[in-house]
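Visitor: Have a peek at target20.cif (mmCIF, C-alpha atoms, pLDDT in the B column; chains and numbers go by the auth columns).
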```
data_upload
#
loop_
_atom_site.group_PDB
_atom_site.id
_atom_site.type_symbol
_atom_site.label_atom_id
_atom_site.label_comp_id
_atom_site.label_asym_id
_atom_site.label_seq_id
_atom_site.Cartn_x
_atom_site.Cartn_y
_atom_site.Cartn_z
_atom_site.B_iso_or_equiv
_atom_site.auth_seq_id
_atom_site.auth_asym_id
ATOM 1 C CA MET A 1 102.930 93.243 110.886 69.00 36 A
ATOM 2 C CA THR A 2 104.178 96.815 111.192 72.00 37 A
ATOM 3 C CA THR A 3 102.906 98.935 114.056 74.00 38 A
ATOM 4 C CA TYR A 4 104.080 102.519 114.356 73.00 39 A
ATOM 5 C CA HIS A 5 104.191 104.106 117.796 75.00 40 A
ATOM 6 C CA GLU A 6 104.330 107.800 117.108 78.00 41 A
ATOM 7 C CA PRO A 7 103.040 110.618 119.282 83.00 42 A
ATOM 8 C CA ASN A 8 100.298 111.635 116.885 81.00 43 A
ATOM 9 C CA THR A 9 98.850 108.112 116.540 83.00 44 A
ATOM 10 C CA GLU A 10 98.680 107.706 120.327 85.00 45 A
ATOM 11 C CA ARG A 11 97.848 111.312 121.183 89.00 46 A
ATOM 12 C CA GLY A 12 94.719 110.351 123.152 89.00 47 A
ATOM 13 C CA ASN A 13 96.610 108.020 125.499 88.00 48 A
ATOM 14 C CA ILE A 14 99.365 110.584 126.044 88.00 49 A
ATOM 15 C CA GLU A 15 96.925 113.407 126.788 91.00 50 A
ATOM 16 C CA ASN A 16 94.807 111.188 129.068 92.00 51 A
ATOM 17 C CA LYS A 17 97.969 110.623 131.147 89.00 52 A
ATOM 18 C CA GLY A 18 98.672 114.363 131.446 90.00 53 A
ATOM 19 C CA GLY A 19 101.157 114.735 128.621 89.00 54 A
ATOM 20 C CA PHE A 20 100.938 116.668 125.368 89.00 55 A
ATOM 21 C CA VAL A 21 102.034 116.262 121.764 90.00 56 A
ATOM 22 C CA SER A 22 103.925 119.167 120.224 89.00 57 A
ATOM 23 C CA ASN A 23 104.617 119.861 116.582 84.00 58 A
ATOM 24 C CA MET A 24 107.347 122.431 116.233 75.00 59 A
ATOM 25 C CA SER A 25 107.992 123.786 112.741 74.00 60 A
ATOM 26 C CA GLY A 26 110.597 121.729 110.870 72.00 61 A
ATOM 27 C CA ASP A 27 110.533 118.889 113.413 72.00 62 A
ATOM 28 C CA VAL A 28 108.557 115.710 114.043 77.00 63 A
ATOM 29 C CA ARG A 29 105.764 115.496 116.598 83.00 64 A
ATOM 30 C CA ARG A 30 107.126 114.921 120.089 84.00 65 A
ATOM 31 C CA VAL A 31 105.789 113.971 123.509 85.00 66 A
ATOM 32 C CA ASN A 32 106.197 117.026 125.779 85.00 67 A
ATOM 33 C CA ARG A 33 108.553 118.532 123.153 80.00 68 A
ATOM 34 C CA GLN A 34 111.090 115.769 123.872 81.00 69 A
ATOM 35 C CA LEU A 35 110.536 112.221 122.672 76.00 70 A
ATOM 36 C CA ALA A 36 109.672 111.437 119.033 73.00 71 A
ATOM 37 C CA VAL A 37 108.079 108.052 119.849 74.00 72 A
ATOM 38 C CA SER A 38 105.058 107.343 121.995 75.00 73 A
ATOM 39 C CA ARG A 39 106.339 104.232 123.777 74.00 74 A
ATOM 40 C CA ALA A 40 109.535 103.834 125.745 71.00 75 A
ATOM 41 C CA PHE A 41 110.990 101.624 128.457 67.00 76 A
ATOM 42 C CA ASP A 42 113.247 103.901 130.455 65.00 77 A
ATOM 43 C CA ASP A 43 112.579 107.578 129.891 67.00 78 A
ATOM 44 C CA LYS A 44 112.069 108.619 133.524 70.00 79 A
ATOM 45 C CA SER A 45 111.044 112.196 132.824 75.00 80 A
ATOM 46 C CA LEU A 46 108.206 111.059 130.541 78.00 81 A
ATOM 47 C CA LYS A 47 107.336 107.679 132.048 76.00 82 A
ATOM 48 C CA SER A 48 104.016 108.864 133.476 80.00 83 A
ATOM 49 C CA HIS A 49 102.865 109.998 130.003 80.00 84 A
ATOM 50 C CA LEU A 50 104.036 106.992 127.994 80.00 85 A
ATOM 51 C CA GLN A 51 103.118 103.389 127.552 78.00 86 A
ATOM 52 C CA SER A 52 105.772 100.669 127.563 75.00 87 A
ATOM 53 C CA ASP A 53 103.505 97.761 126.636 76.00 88 A
ATOM 54 C CA PRO A 54 104.621 96.046 123.429 75.00 89 A
ATOM 55 C CA ASP A 55 102.271 95.166 120.613 75.00 90 A
ATOM 56 C CA ILE A 56 102.118 91.398 120.336 80.00 91 A
ATOM 57 C CA GLN A 57 100.966 89.695 117.179 80.00 92 A
ATOM 58 C CA TRP A 58 100.719 86.039 116.355 83.00 93 A
ATOM 59 C CA THR A 59 101.634 85.325 112.743 80.00 94 A
ATOM 60 C CA LYS A 60 102.166 82.018 111.046 81.00 95 A
ATOM 61 C CA ILE A 61 105.634 81.937 109.532 77.00 96 A
ATOM 62 C CA ASP A 62 105.694 80.225 106.153 79.00 97 A
ATOM 63 C CA ASN A 63 107.607 80.458 102.888 79.00 98 A
ATOM 64 C CA ASN A 64 106.003 83.820 102.139 76.00 99 A
ATOM 65 C CA LYS A 65 107.236 85.349 105.414 72.00 100 A
ATOM 66 C CA ASN A 66 110.879 84.529 105.814 77.00 101 A
ATOM 67 C CA ILE A 67 112.274 87.737 107.285 82.00 102 A
ATOM 68 C CA LEU A 68 111.616 89.724 110.440 84.00 103 A
ATOM 69 C CA ILE A 69 113.274 93.112 110.914 88.00 104 A
ATOM 70 C CA LEU A 70 113.300 94.700 114.369 86.00 105 A
ATOM 71 C CA VAL A 71 114.765 98.180 114.314 86.00 106 A
ATOM 72 C CA SER A 72 114.286 101.481 116.094 84.00 107 A
ATOM 73 C CA ASP A 73 112.630 104.553 114.633 81.00 108 A
ATOM 74 C CA GLY A 74 115.977 106.004 113.551 86.00 109 A
ATOM 75 C CA LEU A 75 115.891 103.717 110.524 91.00 110 A
ATOM 76 C CA TRP A 76 112.175 104.010 109.791 86.00 111 A
ATOM 77 C CA LYS A 77 112.453 107.793 109.557 85.00 112 A
ATOM 78 C CA VAL A 78 114.698 107.448 106.496 93.00 113 A
ATOM 79 C CA MET A 79 113.625 104.135 104.961 94.00 114 A
ATOM 80 C CA CYS A 80 110.328 102.449 104.123 92.00 115 A
ATOM 81 C CA ASN A 81 109.528 98.852 105.064 90.00 116 A
ATOM 82 C CA GLN A 82 110.014 97.415 101.583 92.00 117 A
ATOM 83 C CA GLU A 83 113.421 99.068 101.178 95.00 118 A
ATOM 84 C CA ALA A 84 114.577 97.465 104.440 94.00 119 A
ATOM 85 C CA VAL A 85 113.314 94.049 103.346 92.00 120 A
ATOM 86 C CA ASP A 86 115.031 94.382 99.963 94.00 121 A
ATOM 87 C CA ILE A 87 118.353 95.248 101.613 95.00 122 A
ATOM 88 C CA ALA A 88 118.146 92.543 104.293 92.00 123 A
ATOM 89 C CA LYS A 89 117.226 89.798 101.783 91.00 124 A
ATOM 90 C CA LYS A 90 120.485 90.343 99.895 93.00 125 A
ATOM 91 C CA PHE A 91 122.435 88.696 102.708 92.00 126 A
ATOM 92 C CA LYS A 92 122.659 85.047 103.728 89.00 127 A
ATOM 93 C CA TYR A 93 123.451 85.911 107.353 91.00 128 A
ATOM 94 C CA PRO A 94 121.093 88.245 109.277 88.00 129 A
ATOM 95 C CA GLN A 95 123.915 90.072 111.085 91.00 130 A
ATOM 96 C CA LYS A 96 125.374 91.240 107.767 94.00 131 A
ATOM 97 C CA GLY A 97 121.990 92.440 106.610 93.00 132 A
ATOM 98 C CA LEU A 98 121.482 94.389 109.830 93.00 133 A
ATOM 99 C CA LYS A 99 124.899 96.019 109.508 94.00 134 A
ATOM 100 C CA GLN A 100 123.961 97.100 105.997 96.00 135 A
ATOM 101 C CA LEU A 101 120.631 98.516 107.213 95.00 136 A
ATOM 102 C CA ILE A 102 122.464 100.574 109.842 94.00 137 A
ATOM 103 C CA ALA A 103 125.025 101.764 107.281 96.00 138 A
ATOM 104 C CA GLU A 104 122.254 102.775 104.892 96.00 139 A
ATOM 105 C CA GLY A 105 120.401 104.647 107.639 94.00 140 A
ATOM 106 C CA VAL A 106 123.565 106.588 108.494 95.00 141 A
ATOM 107 C CA LYS A 107 124.204 107.241 104.792 96.00 142 A
ATOM 108 C CA ARG A 108 120.678 108.670 104.496 95.00 143 A
ATOM 109 C CA ASP A 109 121.510 111.051 107.331 93.00 144 A
ATOM 110 C CA SER A 110 119.232 109.668 110.047 89.00 145 A
ATOM 111 C CA LYS A 111 119.202 112.074 112.977 83.00 146 A
ATOM 112 C CA ASP A 112 118.151 109.418 115.493 82.00 147 A
ATOM 113 C CA ASP A 113 119.700 106.315 117.033 83.00 148 A
ATOM 114 C CA ILE A 114 119.480 103.191 114.891 88.00 149 A
ATOM 115 C CA LEU A 115 119.172 99.906 116.781 86.00 150 A
ATOM 116 C CA CYS A 116 118.748 96.627 114.894 84.00 151 A
ATOM 117 C CA CYS A 117 118.141 93.147 116.326 82.00 152 A
ATOM 118 C CA CYS A 118 118.124 89.733 114.732 65.00 153 A
#
```
Rewrite the structure from the file as structure tokens, please.
Guide:
Amino acid sequence: MTTYHEPNTERGNIENKGGFVSNMSGDVRRVNRQLAVSRAFDDKSLKSHLQSDPDIQWTKIDNNKNILILVSDGLWKVMCNQEAVDIAKKFKYPQKGLKQLIAEGVKRDSKDDILCCC
């Protein structure tokens, strides 16, 4: 179910809207040298170059799919999907799992905001 919205994967859309994707040495690709994601809701200076439409997927939830993790790119830059699932599954209550995911992201020295929802 994972969909990554990074500047390089959506370069065509960004450039078609008049923006550009930069790749400065030692940094991640950014839209107009600023934003490290290619979709955003309220970045006024880049709004004309970005898309804010969400990806929507319909998935049947069954016994094989019993966890959904919604987090910002600050966590995904320092942790892979399976690591996040393994951490979150250790907890009976989702809020405790999310707190642990945030703590682990900070421990791994994430340089970006980490937002988790349950």
Visitor: What is the distance, in Å and to one decimal place, between atom CA of A:Ser80 and atom CA of A:Ile137?
Guide: 28.2 Å
Visitor: For A:Pro89, find every residue with an atom within 10 Å (counting all atoms listed in the file), except residues of its own chain fewer than 5 positions away, and show them as a PDB file with C-alpha atoms, keeping the file's coordinate frame.
Guide:
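Result file is around-v5.pdb:
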```pdb
ATOM      1  CA  THR A  38     102.906  98.935 114.056  1.00 74.00           C
ATOM      2  CA  HIS A  40     104.191 104.106 117.796  1.00 75.00           C
ATOM      3  CA  ARG A  74     106.339 104.232 123.777  1.00 74.00           C
ATOM      4  CA  ALA A  75     109.535 103.834 125.745  1.00 71.00           C
ATOM      5  CA  PHE A  76     110.990 101.624 128.457  1.00 67.00           C
TER       6      PHE A  76
END
```
Visitor: Written as a ChimeraX atom specification, which residues does the PyMOL selection byres ((chain A and resi 91-107) around 10) give for the file shown?
Guide: /A:36-38,72,88-90,108-112,116,119-120,123-124,129,132-133,136-137,147-153
Visitor: Those residues with C-alpha atoms, as a short mmCIF file (atom, residue, chain, number, x, y, z; two decimals), keeping the file's coordinate frame please?
Guide:
```
data_model
loop_
_atom_site.label_atom_id
_atom_site.label_comp_id
_atom_site.auth_asym_id
_atom_site.auth_seq_id
_atom_site.Cartn_x
_atom_site.Cartn_y
_atom_site.Cartn_z
CA MET A 36 102.93 93.24 110.89
CA THR A 37 104.18 96.82 111.19
CA THR A 38 102.91 98.94 114.06
CA VAL A 72 108.08 108.05 119.85
CA ASP A 88 103.50 97.76 126.64
CA PRO A 89 104.62 96.05 123.43
CA ASP A 90 102.27 95.17 120.61
CA ASP A 108 112.63 104.55 114.63
CA GLY A 109 115.98 106.00 113.55
CA LEU A 110 115.89 103.72 110.52
CA TRP A 111 112.18 104.01 109.79
CA LYS A 112 112.45 107.79 109.56
CA ASN A 116 109.53 98.85 105.06
CA ALA A 119 114.58 97.46 104.44
CA VAL A 120 113.31 94.05 103.35
CA ALA A 123 118.15 92.54 104.29
CA LYS A 124 117.23 89.80 101.78
CA PRO A 129 121.09 88.24 109.28
CA GLY A 132 121.99 92.44 106.61
CA LEU A 133 121.48 94.39 109.83
CA LEU A 136 120.63 98.52 107.21
CA ILE A 137 122.46 100.57 109.84
CA ASP A 147 118.15 109.42 115.49
CA ASP A 148 119.70 106.32 117.03
CA ILE A 149 119.48 103.19 114.89
CA LEU A 150 119.17 99.91 116.78
CA CYS A 151 118.75 96.63 114.89
CA CYS A 152 118.14 93.15 116.33
CA CYS A 153 118.12 89.73 114.73
#
```
Visitor: Around stretch 44-60 of chain A, with edges along x, y and z and 6 Å added on all six sides, what centre and edge lengths do you get, in Å to one decimal, as lines of an AutoDock Vina configuration file?
Guide:
```
center_x = 101.4
center_y = 115.7
center_z = 122.1
size_x = 25.3
size_y = 28.1
size_z = 30.7
```
Visitor: Neighbours of A:Lys82 within 12 Å (only C-alpha atoms; same-chain residues fewer than 2 positions away dropped), as a list of chain:residue names?
Guide: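 The residues satisfying every condition are A:Ile49, A:Lys52, A:Gly53, A:Gly54, A:Val66, A:Asn67, A:Leu70, A:Ser73, A:Arg74, A:Ala75, A:Phe76, A:Asp77, A:Asp78, A:Lys79, A:Ser80, A:His84, A:Leu85, A:Gln86, A:Ser87, A:Asp88.
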Visitor: I'd like the interatomic distance between atom CA of A:Ser60 and atom CA of A:Thr44, to a tenth of an Å.
Guide: 18.5 Å
Visitor: Suppose you want the space between atom CA of A:Gly140 and atom CA of A:Val113; what is it in Å?
Guide: 6.5 Å
Visitor: So which one's closest to A:Ile122, A:Ser145, A:Gln69, A:Gln135, A:Asn48? Using all atoms listed in the file, please.
Guide: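 That would be A:Gln135, the residue with the smallest distance to A:Ile122.
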Visitor: Assuming the chain letters and numbering stay as they are in my file, what does the PyMOL selection byres ((chain A and resi 56) around 7) actually select? List them as a ChimeraX atom specification.
Guide: /A:42-43,46,55,57-58,64-67
